[in-house]
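Asker: Quick one, coords.cif (mmCIF, C-alpha atoms):
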```cif
data_target
#
loop_
_atom_site.label_atom_id
_atom_site.label_comp_id
_atom_site.auth_asym_id
_atom_site.auth_seq_id
_atom_site.Cartn_x
_atom_site.Cartn_y
_atom_site.Cartn_z
CA MET A 1 -71.94 57.87 53.73
CA CYS A 2 -73.06 56.50 50.39
CA GLU A 3 -76.61 57.79 50.56
CA ILE A 4 -78.71 59.74 48.07
CA PRO A 5 -78.39 63.33 49.34
CA SER A 6 -81.30 65.45 50.49
CA LEU A 7 -82.77 68.23 48.34
CA LYS A 8 -83.41 71.64 49.79
CA ILE A 9 -85.66 74.07 47.90
CA GLY A 10 -85.86 77.25 49.97
CA ASP A 11 -86.94 76.09 53.42
CA LYS A 12 -88.41 72.80 52.14
CA GLU A 13 -86.16 69.77 52.48
CA ALA A 14 -86.81 66.35 51.00
CA LYS A 15 -84.88 63.48 52.56
CA TYR A 16 -83.86 62.24 49.11
CA ALA A 17 -83.05 64.35 46.04
CA ILE A 18 -85.67 62.56 43.94
CA VAL A 19 -88.59 64.45 42.39
CA GLN A 20 -91.35 62.34 40.84
CA GLY A 21 -92.26 63.92 37.50
CA GLY A 22 -95.79 65.27 37.08
CA MET A 23 -97.54 63.01 34.56
CA GLY A 24 -100.88 63.85 32.98
CA VAL A 25 -103.58 63.24 32.28
CA GLY A 26 -104.32 61.57 35.62
CA ILE A 27 -101.19 59.39 35.80
CA SER A 28 -99.74 61.13 38.86
CA LEU A 29 -102.47 62.18 41.28
CA SER A 30 -102.71 61.94 45.07
CA SER A 31 -102.00 58.20 45.37
CA LEU A 32 -98.61 58.29 43.64
CA ALA A 33 -97.58 61.75 44.86
CA SER A 34 -98.30 60.91 48.51
CA ALA A 35 -96.48 57.55 48.28
CA VAL A 36 -93.35 59.27 46.89
CA ALA A 37 -93.52 62.02 49.53
CA LYS A 38 -93.88 59.38 52.26
CA GLU A 39 -90.67 57.69 51.08
CA GLY A 40 -88.76 60.97 51.32
CA GLY A 41 -88.92 62.20 47.73
CA ILE A 42 -91.01 65.06 46.30
CA GLY A 43 -94.36 63.73 45.05
CA VAL A 44 -95.97 65.68 42.21
CA ILE A 45 -99.60 65.87 41.08
CA SER A 46 -100.17 66.74 37.42
CA ALA A 47 -102.82 69.45 37.02
CA ALA A 48 -103.27 68.75 33.28
CA GLU A 49 -107.04 68.54 32.66
CA ILE A 50 -107.32 66.84 36.05
CA GLY A 51 -111.11 67.24 36.13
CA MET A 52 -111.53 65.09 33.04
CA VAL A 53 -110.49 61.97 34.95
CA ASP A 54 -113.37 61.67 37.41
CA GLU A 55 -115.45 64.85 37.62
CA LYS A 56 -118.91 64.08 36.20
CA ASP A 57 -119.62 67.66 35.07
CA PHE A 58 -116.35 68.17 33.17
CA MET A 59 -118.04 68.37 29.76
CA LYS A 60 -120.35 71.15 30.97
CA HIS A 61 -118.07 73.06 33.35
CA PRO A 62 -114.46 72.13 32.53
CA GLN A 63 -112.81 74.96 34.44
CA GLN A 64 -114.76 74.40 37.67
CA ALA A 65 -114.25 70.63 37.37
CA ASN A 66 -110.46 71.07 37.02
CA GLU A 67 -110.31 73.43 39.97
CA ARG A 68 -112.41 71.15 42.17
CA ALA A 69 -110.42 68.04 41.21
CA LEU A 70 -107.09 69.77 41.88
CA ARG A 71 -108.20 70.90 45.35
CA LYS A 72 -109.42 67.36 46.12
CA GLU A 73 -106.18 65.72 44.99
CA ILE A 74 -103.95 68.18 46.90
CA ARG A 75 -105.94 67.63 50.10
CA LYS A 76 -105.93 63.86 49.68
CA ALA A 77 -102.18 63.79 48.97
CA ARG A 78 -101.51 65.97 51.99
CA GLU A 79 -103.52 63.61 54.20
CA LEU A 80 -101.68 60.49 52.99
CA SER A 81 -98.14 61.86 52.67
CA GLY A 82 -97.10 61.65 56.32
CA GLY A 83 -95.87 65.24 56.22
CA GLY A 84 -93.78 64.74 53.06
CA ILE A 85 -93.31 67.32 50.30
CA ILE A 86 -96.04 67.59 47.65
CA GLY A 87 -95.81 69.57 44.42
CA VAL A 88 -98.11 70.34 41.49
CA ASN A 89 -97.01 70.41 37.85
CA ILE A 90 -98.91 72.96 35.71
CA MET A 91 -98.24 73.42 32.01
CA VAL A 92 -97.81 77.04 30.94
CA ALA A 93 -99.49 76.00 27.67
CA MET A 94 -102.77 75.40 29.50
CA SER A 95 -105.43 78.06 29.05
CA GLU A 96 -106.02 78.12 32.81
CA PHE A 97 -102.36 78.08 33.89
CA GLU A 98 -102.67 81.11 36.16
CA HIS A 99 -105.98 79.98 37.60
CA LEU A 100 -104.70 76.51 38.62
CA PHE A 101 -101.51 78.11 39.93
CA GLU A 102 -103.62 80.25 42.29
CA VAL A 103 -105.67 77.21 43.39
CA SER A 104 -102.43 75.34 44.23
CA VAL A 105 -101.12 78.26 46.28
CA GLU A 106 -104.47 78.65 48.09
CA GLU A 107 -104.31 74.96 49.01
CA GLY A 108 -100.84 75.46 50.49
CA ILE A 109 -98.97 73.24 48.02
CA ASP A 110 -95.23 73.00 48.80
CA ILE A 111 -94.03 73.70 45.28
CA VAL A 112 -95.43 74.55 41.84
CA PHE A 113 -93.43 73.26 38.85
CA ALA A 114 -94.19 74.94 35.51
CA GLY A 115 -93.04 73.88 32.06
CA ALA A 116 -94.35 73.44 28.48
CA GLY A 117 -93.83 77.14 27.84
CA LEU A 118 -92.02 79.98 29.58
CA PRO A 119 -93.41 80.75 33.06
CA LEU A 120 -92.99 84.53 32.85
CA ASP A 121 -96.31 85.97 33.98
CA VAL A 122 -97.26 84.13 37.13
CA PRO A 123 -99.48 85.17 40.09
CA TYR A 124 -96.30 86.44 41.76
CA GLU A 125 -97.80 88.37 44.70
CA LYS A 126 -99.93 85.40 45.73
CA LEU A 127 -96.93 83.08 45.39
CA ARG A 128 -94.61 85.16 47.58
CA ASP A 129 -97.33 85.90 50.14
CA SER A 130 -97.51 82.14 50.65
CA ASP A 131 -95.10 79.40 51.70
CA THR A 132 -95.21 77.82 48.22
CA LYS A 133 -91.96 77.53 46.26
CA PHE A 134 -91.66 77.75 42.47
CA GLY A 135 -89.70 75.61 40.01
CA ALA A 136 -89.19 76.40 36.32
CA ILE A 137 -88.88 73.47 33.89
CA VAL A 138 -86.55 74.19 30.95
CA SER A 139 -84.84 72.33 28.11
CA SER A 140 -82.08 74.84 27.30
CA ASP A 141 -79.89 77.49 28.89
CA ARG A 142 -81.52 79.98 26.51
CA ALA A 143 -84.96 79.34 28.05
CA LEU A 144 -83.45 79.49 31.54
CA LYS A 145 -81.86 82.89 30.86
CA LEU A 146 -85.08 84.30 29.40
CA ILE A 147 -87.08 83.26 32.48
CA PHE A 148 -84.50 84.42 35.03
CA ARG A 149 -83.93 87.77 33.27
CA TYR A 150 -87.67 88.39 33.15
CA TRP A 151 -88.20 87.51 36.82
CA ASP A 152 -85.17 89.54 37.85
CA ARG A 153 -86.43 92.60 35.95
CA HIS A 154 -90.16 92.34 36.75
CA TYR A 155 -90.26 90.75 40.19
CA LYS A 156 -86.77 91.54 41.56
CA ASP A 157 -86.64 87.81 42.31
CA VAL A 158 -85.95 84.45 40.62
CA PRO A 159 -87.50 80.94 40.73
CA ASP A 160 -86.57 78.72 43.70
CA CYS A 161 -85.30 75.80 41.60
CA VAL A 162 -84.86 74.64 38.01
CA VAL A 163 -85.73 71.30 36.40
CA VAL A 164 -83.72 70.59 33.24
CA GLU A 165 -85.66 68.17 31.05
CA GLY A 166 -83.54 66.38 28.47
CA PRO A 167 -84.64 64.71 25.22
CA LYS A 168 -85.08 61.23 26.76
CA ALA A 169 -88.12 62.35 28.77
CA GLY A 170 -91.63 61.06 28.11
CA GLY A 171 -94.52 63.10 26.79
CA HIS A 172 -94.14 66.45 25.05
CA LEU A 173 -90.52 67.44 24.46
CA GLY A 174 -89.02 70.91 24.24
CA PHE A 175 -86.78 69.94 21.31
CA LYS A 176 -86.93 69.90 17.53
CA PRO A 177 -87.26 66.33 16.16
CA GLN A 178 -83.69 66.39 14.79
CA GLN A 179 -82.27 67.36 18.22
CA ILE A 180 -83.76 64.40 20.11
CA ASP A 181 -81.00 61.91 19.20
CA ASP A 182 -78.26 64.51 18.71
CA PRO A 183 -75.51 63.94 21.34
CA ASP A 184 -75.06 67.74 21.61
CA PHE A 185 -78.51 67.91 23.21
CA ALA A 186 -77.97 65.03 25.65
CA LEU A 187 -78.95 65.84 29.25
CA GLU A 188 -75.33 65.70 30.44
CA ARG A 189 -74.47 68.39 27.85
CA LEU A 190 -77.46 70.59 28.71
CA LEU A 191 -76.84 70.69 32.47
CA PRO A 192 -73.40 72.38 32.87
CA PRO A 193 -74.27 75.63 31.01
CA ILE A 194 -77.53 75.87 32.98
CA ILE A 195 -75.74 75.32 36.30
CA GLU A 196 -73.34 78.12 35.27
CA ALA A 197 -76.18 80.44 34.19
CA VAL A 198 -77.86 80.08 37.60
CA LYS A 199 -74.73 81.01 39.61
CA PRO A 200 -74.84 84.83 39.15
CA TYR A 201 -78.46 84.80 40.38
CA GLU A 202 -77.51 82.71 43.41
CA ASP A 203 -74.91 85.39 44.24
CA LYS A 204 -77.28 88.27 43.56
CA TYR A 205 -80.13 86.86 45.67
CA ASP A 206 -77.86 85.16 48.19
CA ARG A 207 -79.56 81.79 48.07
CA LYS A 208 -79.04 78.33 46.64
CA ILE A 209 -81.09 77.59 43.50
CA PRO A 210 -81.03 73.81 43.00
CA VAL A 211 -80.77 72.45 39.47
CA ILE A 212 -82.61 69.14 38.98
CA ALA A 213 -81.78 66.75 36.11
CA ALA A 214 -84.67 65.04 34.28
CA GLY A 215 -85.27 62.77 31.30
CA GLY A 216 -83.97 59.22 30.97
CA ILE A 217 -82.78 58.79 34.57
CA TYR A 218 -83.56 55.19 35.41
CA THR A 219 -81.27 53.67 38.07
CA GLY A 220 -79.61 54.62 41.34
CA GLU A 221 -76.35 54.61 39.38
CA ASP A 222 -77.84 57.25 37.04
CA ILE A 223 -78.76 59.36 40.08
CA TYR A 224 -75.18 59.08 41.36
CA TYR A 225 -73.77 60.06 37.96
CA PHE A 226 -75.93 63.17 37.47
CA ILE A 227 -75.43 64.44 41.03
CA ASN A 228 -71.76 63.63 41.58
CA GLU A 229 -70.26 63.79 38.11
CA ILE A 230 -72.41 66.32 36.25
CA GLY A 231 -73.21 68.56 39.22
CA ALA A 232 -77.02 68.41 39.51
CA ASP A 233 -78.58 68.90 42.94
CA GLY A 234 -81.21 66.23 42.37
CA VAL A 235 -83.09 64.25 39.75
CA GLN A 236 -86.64 64.03 38.45
CA MET A 237 -87.99 60.63 37.39
CA GLY A 238 -91.31 59.85 35.72
CA THR A 239 -91.32 56.55 33.83
CA ARG A 240 -90.07 54.48 36.79
CA PHE A 241 -92.96 55.62 38.96
CA VAL A 242 -95.65 54.52 36.49
CA ALA A 243 -94.92 50.83 37.17
CA THR A 244 -95.75 51.15 40.87
CA HIS A 245 -98.82 49.88 42.68
CA GLU A 246 -99.54 53.42 43.86
CA CYS A 247 -99.51 55.06 40.41
CA ASP A 248 -102.97 56.48 39.65
CA ALA A 249 -103.27 54.93 36.16
CA ASP A 250 -105.30 51.84 35.29
CA ILE A 251 -103.47 48.50 35.53
CA ARG A 252 -103.70 48.21 31.71
CA PHE A 253 -101.73 51.45 31.38
CA LYS A 254 -98.99 50.04 33.63
CA GLU A 255 -99.01 46.78 31.65
CA ALA A 256 -98.41 48.77 28.44
CA TYR A 257 -95.13 49.92 30.05
CA ILE A 258 -94.16 46.36 30.99
CA LYS A 259 -94.94 45.00 27.51
CA ALA A 260 -93.18 47.81 25.61
CA LYS A 261 -90.12 46.78 23.59
CA LYS A 262 -87.38 49.16 22.50
CA GLU A 263 -88.80 49.38 18.97
CA ASP A 264 -92.23 50.35 20.36
CA VAL A 265 -90.90 53.66 21.72
CA VAL A 266 -91.64 56.29 19.07
CA ILE A 267 -91.54 60.05 18.57
CA ILE A 268 -94.91 61.39 17.46
CA LYS A 269 -96.06 64.82 16.36
CA SER A 270 -98.66 65.92 18.88
CA PRO A 271 -101.74 67.90 17.77
CA VAL A 272 -100.30 70.80 19.79
CA GLY A 273 -97.37 70.98 17.36
CA LEU A 274 -94.66 69.50 19.59
CA PRO A 275 -92.80 66.21 19.28
CA GLY A 276 -93.68 63.70 22.01
CA ARG A 277 -92.39 60.28 23.07
CA ALA A 278 -94.99 57.53 23.28
CA ILE A 279 -95.53 53.78 23.07
CA ARG A 280 -96.62 52.73 19.58
CA ASN A 281 -100.07 51.14 19.36
CA LYS A 282 -102.94 50.75 16.89
CA PHE A 283 -104.38 54.17 17.74
CA LEU A 284 -101.10 55.91 16.79
CA GLU A 285 -100.68 53.71 13.70
CA ASP A 286 -104.16 54.73 12.51
CA VAL A 287 -103.33 58.41 13.09
CA GLU A 288 -100.13 57.93 11.09
CA LYS A 289 -102.17 56.48 8.21
CA GLY A 290 -104.20 59.69 8.20
CA LYS A 291 -107.29 58.43 10.02
CA ARG A 292 -109.03 61.16 11.96
CA GLN A 293 -110.48 60.33 15.36
CA PRO A 294 -113.67 62.39 15.53
CA PHE A 295 -114.05 64.58 18.60
CA LYS A 296 -115.90 67.62 19.84
CA CYS A 297 -113.73 70.31 21.45
CA ILE A 298 -115.64 71.53 24.49
CA TRP A 299 -113.12 74.24 25.26
CA GLN A 300 -109.59 75.12 24.23
CA CYS A 301 -107.63 73.55 27.09
CA LEU A 302 -104.22 74.10 25.43
CA LYS A 303 -103.35 77.49 23.99
CA GLY A 304 -101.44 76.08 21.02
CA CYS A 305 -103.99 73.49 19.92
CA ASP A 306 -105.58 74.11 16.52
CA TYR A 307 -108.51 71.80 17.26
CA LYS A 308 -110.09 72.37 13.83
CA LYS A 309 -107.10 70.74 12.15
CA ALA A 310 -106.15 68.26 14.88
CA PRO A 311 -106.52 64.58 13.89
CA TYR A 312 -107.61 63.73 17.46
CA CYS A 313 -108.03 65.36 20.88
CA ILE A 314 -104.79 64.77 22.79
CA THR A 315 -106.46 65.22 26.19
CA GLN A 316 -109.20 62.70 25.39
CA ALA A 317 -106.61 60.24 24.03
CA LEU A 318 -104.53 60.52 27.22
CA VAL A 319 -107.56 60.16 29.50
CA ASN A 320 -108.66 57.07 27.55
CA ALA A 321 -105.19 55.58 28.05
CA GLN A 322 -105.19 56.46 31.76
CA LYS A 323 -108.39 54.42 32.06
CA GLY A 324 -106.88 51.55 30.06
CA ARG A 325 -109.00 52.22 26.95
CA PHE A 326 -106.24 52.02 24.36
CA ALA A 327 -108.61 51.72 21.38
CA GLY A 328 -109.10 55.47 21.83
CA GLY A 329 -105.71 56.58 23.11
CA PHE A 330 -102.02 55.96 23.77
CA ALA A 331 -99.43 56.17 26.55
CA PHE A 332 -96.67 58.72 26.73
CA ALA A 333 -93.42 57.27 28.16
CA GLY A 334 -89.72 58.00 28.61
CA ALA A 335 -86.98 56.56 26.39
CA ASN A 336 -86.18 53.79 28.91
CA VAL A 337 -89.73 52.43 29.22
CA TYR A 338 -88.68 49.15 27.52
CA ARG A 339 -86.50 48.41 30.57
CA VAL A 340 -89.52 48.28 32.89
CA ASP A 341 -90.34 44.63 33.58
CA LYS A 342 -92.54 44.53 36.68
CA ILE A 343 -94.84 46.49 38.95
CA VAL A 344 -93.39 47.21 42.39
CA SER A 345 -94.36 49.32 45.38
CA THR A 346 -93.00 52.86 45.65
CA LYS A 347 -91.06 51.70 48.72
CA GLU A 348 -89.41 48.86 46.76
CA LEU A 349 -88.48 51.29 43.99
CA PHE A 350 -86.89 53.70 46.48
CA ASP A 351 -84.96 50.80 48.07
CA GLU A 352 -83.68 49.75 44.65
CA LEU A 353 -82.61 53.32 43.78
CA LYS A 354 -80.85 53.75 47.14
CA GLU A 355 -78.97 50.45 46.65
CA GLY A 356 -77.92 51.42 43.11
CA TYR A 357 -76.70 54.80 44.33
CA ALA A 358 -74.69 53.20 47.17
CA ARG A 359 -73.14 50.69 44.72
CA ALA A 360 -72.03 53.49 42.38
CA CYS A 361 -70.73 55.50 45.32
CA ARG A 362 -68.66 52.61 46.70
CA SER A 363 -67.13 51.84 43.29
CA HIS A 364 -65.84 55.42 42.89
#
```
Produce structure tokens that represent the structure in this file.
Answerer:
Amino acid sequence: MCEIPSLKIGDKEAKYAIVQGGMGVGISLSSLASAVAKEGGIGVISAAEIGMVDEKDFMKHPQQANERALRKEIRKARELSGGGIIGVNIMVAMSEFEHLFEVSVEEGIDIVFAGAGLPLDVPYEKLRDSDTKFGAIVSSDRALKLIFRYWDRHYKDVPDCVVVEGPKAGGHLGFKPQQIDDPDFALERLLPPIIEAVKPYEDKYDRKIPVIAAGGIYTGEDIYYFINEIGADGVQMGTRFVATHECDADIRFKEAYIKAKKEDVVIIKSPVGLPGRAIRNKFLEDVEKGKRQPFKCIWQCLKGCDYKKAPYCITQALVNAQKGRFAGGFAFAGANVYRVDKIVSTKELFDELKEGYARACRSH
């Protein structure tokens, strides 16, 4: 049977081994996550400053607003998903990482994915007292080994799955600028050593730990390649899901993806000190020319942000873009964004991916 395989994470099984990447701020909320879950993938809500999107009291009570918004979105996604699998993506770099992790577990989320930092200290007891699974997002076998060694030593346990994010991903990247186009850091090179590094832990804990490939995966043929030729257990895709009717971003955000040409896809230096992949626009050009975008930091949402020196507030810029206000922001996107040419339904996208996978399967 030439069908995209299922993906089993602990006792949770998605019909198709497709995880929708968590995209903040406010790009993947309950509408997109539930639509993906309904089609048989794993739908993921991004917790990144989630309260800034629609909670009226965010400027006064950011933490409470984020917590409230996350609970709302999880409940809404659950209601609309038809019993599908819903996850939450929480950045370790967020000041309230642990807090939002606990909220997700309390709400009975199926899986928490954590990246943008090493998820070492997590609310472990709460996690394992619940039915929630945990996935670590890494960009190297070194990071993977650090996390697994720490968990093994401190918790006598390991994460339930691993997402390997390569340099073609959108948003903040876990690579040095010079590594992004270096073939030695291509996703297909990163995966095999990570798959190998996970094996001893699978033996020790007597369970399968799926490894999920992410960053630059665009077609059903790509899914076939990474699963059947490189050895991944599934894939994570972000960019493709932005150009869907169900994506939570403003139509103008989606249109920025459709209009983007190859030369518009640029690597920027984010105010949090990491390289990031985005679509070039006037806002970014002004920043490059040294223009500061005045802002007031209401609280330090990201641990690594030196807001006194930052030329703009990254969270505000991303929220502006999510709402289609590009004069005050920009869109993060994956390397293949220039290939996006129309907005489709999540169902149509899944059908296209399944057809592409079957085509690749039949030709092998």
Asker: Neighbouring residues of Val53 of chain A were defined as those with any atom within 8 Å, considering only C-alpha atoms; residues of the same chain fewer than 4 positions away were excluded. Please report them as a VMD selection string.
Answerer: chain A and resid 25 to 26 49 319
Asker: Between A:Gly108, A:Gly238, A:Gly82, A:Gly115, which has the minimum distance to Val337 of chain A (counting all atoms listed in the file)?
Answerer: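 Once distances to Val337 of chain A are computed over all atoms listed in the file, the minimum belongs to A:Gly238.
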Asker: Calculated over all atoms listed in the file, which of the candidates A:Val158, A:Ile258, A:Val19, A:Leu29 has the smallest distance to Pro200 of chain A?
Answerer: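 Ranking A:Val158, A:Ile258, A:Val19, A:Leu29 by distance to Pro200 of chain A, first place goes to A:Val158.
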Asker: Using the chain letters and numbers from this file, what does the PyMOL selection byres ((chain A and resi 99) around 12) select? Give the answer as a PDB file with C-alpha atoms, keeping the file's coordinate frame.
Answerer:
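Once everything was written out, this is expr-v5.pdb:
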```
ATOM      1  CA  ALA A  47    -102.820  69.450  37.020  1.00  0.00           C
ATOM      2  CA  GLN A  63    -112.810  74.960  34.440  1.00  0.00           C
ATOM      3  CA  GLN A  64    -114.760  74.400  37.670  1.00  0.00           C
ATOM      4  CA  ASN A  66    -110.460  71.070  37.020  1.00  0.00           C
ATOM      5  CA  GLU A  67    -110.310  73.430  39.970  1.00  0.00           C
ATOM      6  CA  ARG A  68    -112.410  71.150  42.170  1.00  0.00           C
ATOM      7  CA  LEU A  70    -107.090  69.770  41.880  1.00  0.00           C
ATOM      8  CA  ILE A  90     -98.910  72.960  35.710  1.00  0.00           C
ATOM      9  CA  MET A  91     -98.240  73.420  32.010  1.00  0.00           C
ATOM     10  CA  VAL A  92     -97.810  77.040  30.940  1.00  0.00           C
ATOM     11  CA  MET A  94    -102.770  75.400  29.500  1.00  0.00           C
ATOM     12  CA  SER A  95    -105.430  78.060  29.050  1.00  0.00           C
ATOM     13  CA  GLU A  96    -106.020  78.120  32.810  1.00  0.00           C
ATOM     14  CA  PHE A  97    -102.360  78.080  33.890  1.00  0.00           C
ATOM     15  CA  GLU A  98    -102.670  81.110  36.160  1.00  0.00           C
ATOM     16  CA  LEU A 100    -104.700  76.510  38.620  1.00  0.00           C
ATOM     17  CA  PHE A 101    -101.510  78.110  39.930  1.00  0.00           C
ATOM     18  CA  GLU A 102    -103.620  80.250  42.290  1.00  0.00           C
ATOM     19  CA  VAL A 103    -105.670  77.210  43.390  1.00  0.00           C
ATOM     20  CA  SER A 104    -102.430  75.340  44.230  1.00  0.00           C
ATOM     21  CA  VAL A 105    -101.120  78.260  46.280  1.00  0.00           C
ATOM     22  CA  GLU A 106    -104.470  78.650  48.090  1.00  0.00           C
ATOM     23  CA  ASP A 121     -96.310  85.970  33.980  1.00  0.00           C
ATOM     24  CA  VAL A 122     -97.260  84.130  37.130  1.00  0.00           C
ATOM     25  CA  PRO A 123     -99.480  85.170  40.090  1.00  0.00           C
ATOM     26  CA  LYS A 126     -99.930  85.400  45.730  1.00  0.00           C
TER      27      LYS A 126
END
```
Asker: How many Å separate atom CA of Asp222 of chain A from atom CA of Ile4 of chain A?
Answerer: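 Calculated distance between atom CA of Asp222 of chain A and atom CA of Ile4 of chain A is 11.3 Å.
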Asker: Using all atoms listed in the file, determine which residues lie at most 10 Å from Arg75 of chain A, disregarding the query and same-chain residues fewer than 4 positions distant; provide the list as an MDAnalysis selection string.
Answerer: chainID A and resid 30 69:71 79:80 107:109
Asker: Between A:Pro192, A:Gly10, A:Gly171, A:Pro210, which has the minimum distance to Phe330 of chain A (counting only C-alpha atoms)?
Answerer: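 Closest residue, counting only C-alpha atoms: A:Gly171.
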Asker: Report the distance between atom CA of Asp184 of chain A and atom CA of Glu165 of chain A in Å, rounded to one decimal place.
Answerer: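 Those two atoms sit 14.2 Å apart.
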Asker: Between atom CA of Phe295 of chain A and atom CA of Ala317 of chain A, what distance in Å does the model show, to one decimal?
Answerer: 10.2 Å
Asker: Write out as a list of chain:residue names the residues lying within 12 Å of Lys60 of chain A, counting only C-alpha atoms and excluding same-chain residues fewer than 4 positions away.
Answerer: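 That gives A:Gly51, A:Met52, A:Glu55, A:Lys56, A:Gln64, A:Ala65, A:Asn66, A:Cys297, A:Ile298, A:Trp299.
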Asker: Got a sec to check which residues sit within 10 Å of (-84.7, 50.1, 31.6), counting only C-alpha atoms, and write them as a ChimeraX atom specification?
Answerer: /A:216-219,239-240,262,334-341
Asker: Which neighbours of Tyr312 of chain A fall inside 9 Å, counting all atoms listed in the file, when residues of the same chain fewer than 5 positions from it are skipped, and could you give them as a ChimeraX atom specification?
Answerer: /A:271,287,292-295,307,317
Asker: Near Cys305 of chain A, within 8 Å and counting only C-alpha atoms, which residues show up once chain neighbours fewer than 4 positions away are dropped, as a list of chain:residue names?
Answerer: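 Returned residues: A:Pro271, A:Val272, A:Gly273, A:Gln300, A:Ala310.
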Asker: Closest to Asn228 of chain A among A:Glu188, A:Lys204, A:Phe283, A:Asp157, using only C-alpha atoms?
Answerer: A:Glu188
Asker: Rank A:Leu32, A:Ala360, A:Phe58, A:Ile147 by their smallest atom-to-atom distance to Lys76 of chain A, using all atoms listed in the file, and report the top residue only.
Answerer: A:Leu32
Asker: Take the PyMOL selection byres ((chain A and resi 244) around 12), apply it to the structure above, and return the hits as a PyMOL selection string.
Answerer: chain A and resi 27-28+31-33+35-36+238-243+245-251+253-255+257-258+340-350
Asker: A:Pro177, A:Pro275, A:Pro159, A:Gly40: which is nearest Pro119 of chain A, counting all atoms listed in the file?
Answerer: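 Distance minimum relative to Pro119 of chain A lands on A:Pro159.
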Asker: Please evaluate the PyMOL selection byres ((chain A and resi 279) around 10) against the structure above and give the resulting residues as a PDB file with C-alpha atoms, in the frame of the given file.
Answerer:
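The resulting file, result_36.pdb, is shown below:
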```pdb
ATOM      1  CA  GLY A 170     -91.630  61.060  28.110  1.00  0.00           C
ATOM      2  CA  ALA A 256     -98.410  48.770  28.440  1.00  0.00           C
ATOM      3  CA  TYR A 257     -95.130  49.920  30.050  1.00  0.00           C
ATOM      4  CA  LYS A 259     -94.940  45.000  27.510  1.00  0.00           C
ATOM      5  CA  ALA A 260     -93.180  47.810  25.610  1.00  0.00           C
ATOM      6  CA  LYS A 261     -90.120  46.780  23.590  1.00  0.00           C
ATOM      7  CA  LYS A 262     -87.380  49.160  22.500  1.00  0.00           C
ATOM      8  CA  GLU A 263     -88.800  49.380  18.970  1.00  0.00           C
ATOM      9  CA  ASP A 264     -92.230  50.350  20.360  1.00  0.00           C
ATOM     10  CA  VAL A 265     -90.900  53.660  21.720  1.00  0.00           C
ATOM     11  CA  VAL A 266     -91.640  56.290  19.070  1.00  0.00           C
ATOM     12  CA  ILE A 267     -91.540  60.050  18.570  1.00  0.00           C
ATOM     13  CA  ILE A 268     -94.910  61.390  17.460  1.00  0.00           C
ATOM     14  CA  ARG A 277     -92.390  60.280  23.070  1.00  0.00           C
ATOM     15  CA  ALA A 278     -94.990  57.530  23.280  1.00  0.00           C
ATOM     16  CA  ARG A 280     -96.620  52.730  19.580  1.00  0.00           C
ATOM     17  CA  ASN A 281    -100.070  51.140  19.360  1.00  0.00           C
ATOM     18  CA  LEU A 284    -101.100  55.910  16.790  1.00  0.00           C
ATOM     19  CA  PHE A 330    -102.020  55.960  23.770  1.00  0.00           C
ATOM     20  CA  ALA A 331     -99.430  56.170  26.550  1.00  0.00           C
ATOM     21  CA  PHE A 332     -96.670  58.720  26.730  1.00  0.00           C
ATOM     22  CA  ALA A 333     -93.420  57.270  28.160  1.00  0.00           C
ATOM     23  CA  GLY A 334     -89.720  58.000  28.610  1.00  0.00           C
ATOM     24  CA  ALA A 335     -86.980  56.560  26.390  1.00  0.00           C
ATOM     25  CA  VAL A 337     -89.730  52.430  29.220  1.00  0.00           C
ATOM     26  CA  TYR A 338     -88.680  49.150  27.520  1.00  0.00           C
TER      27      TYR A 338
END
```
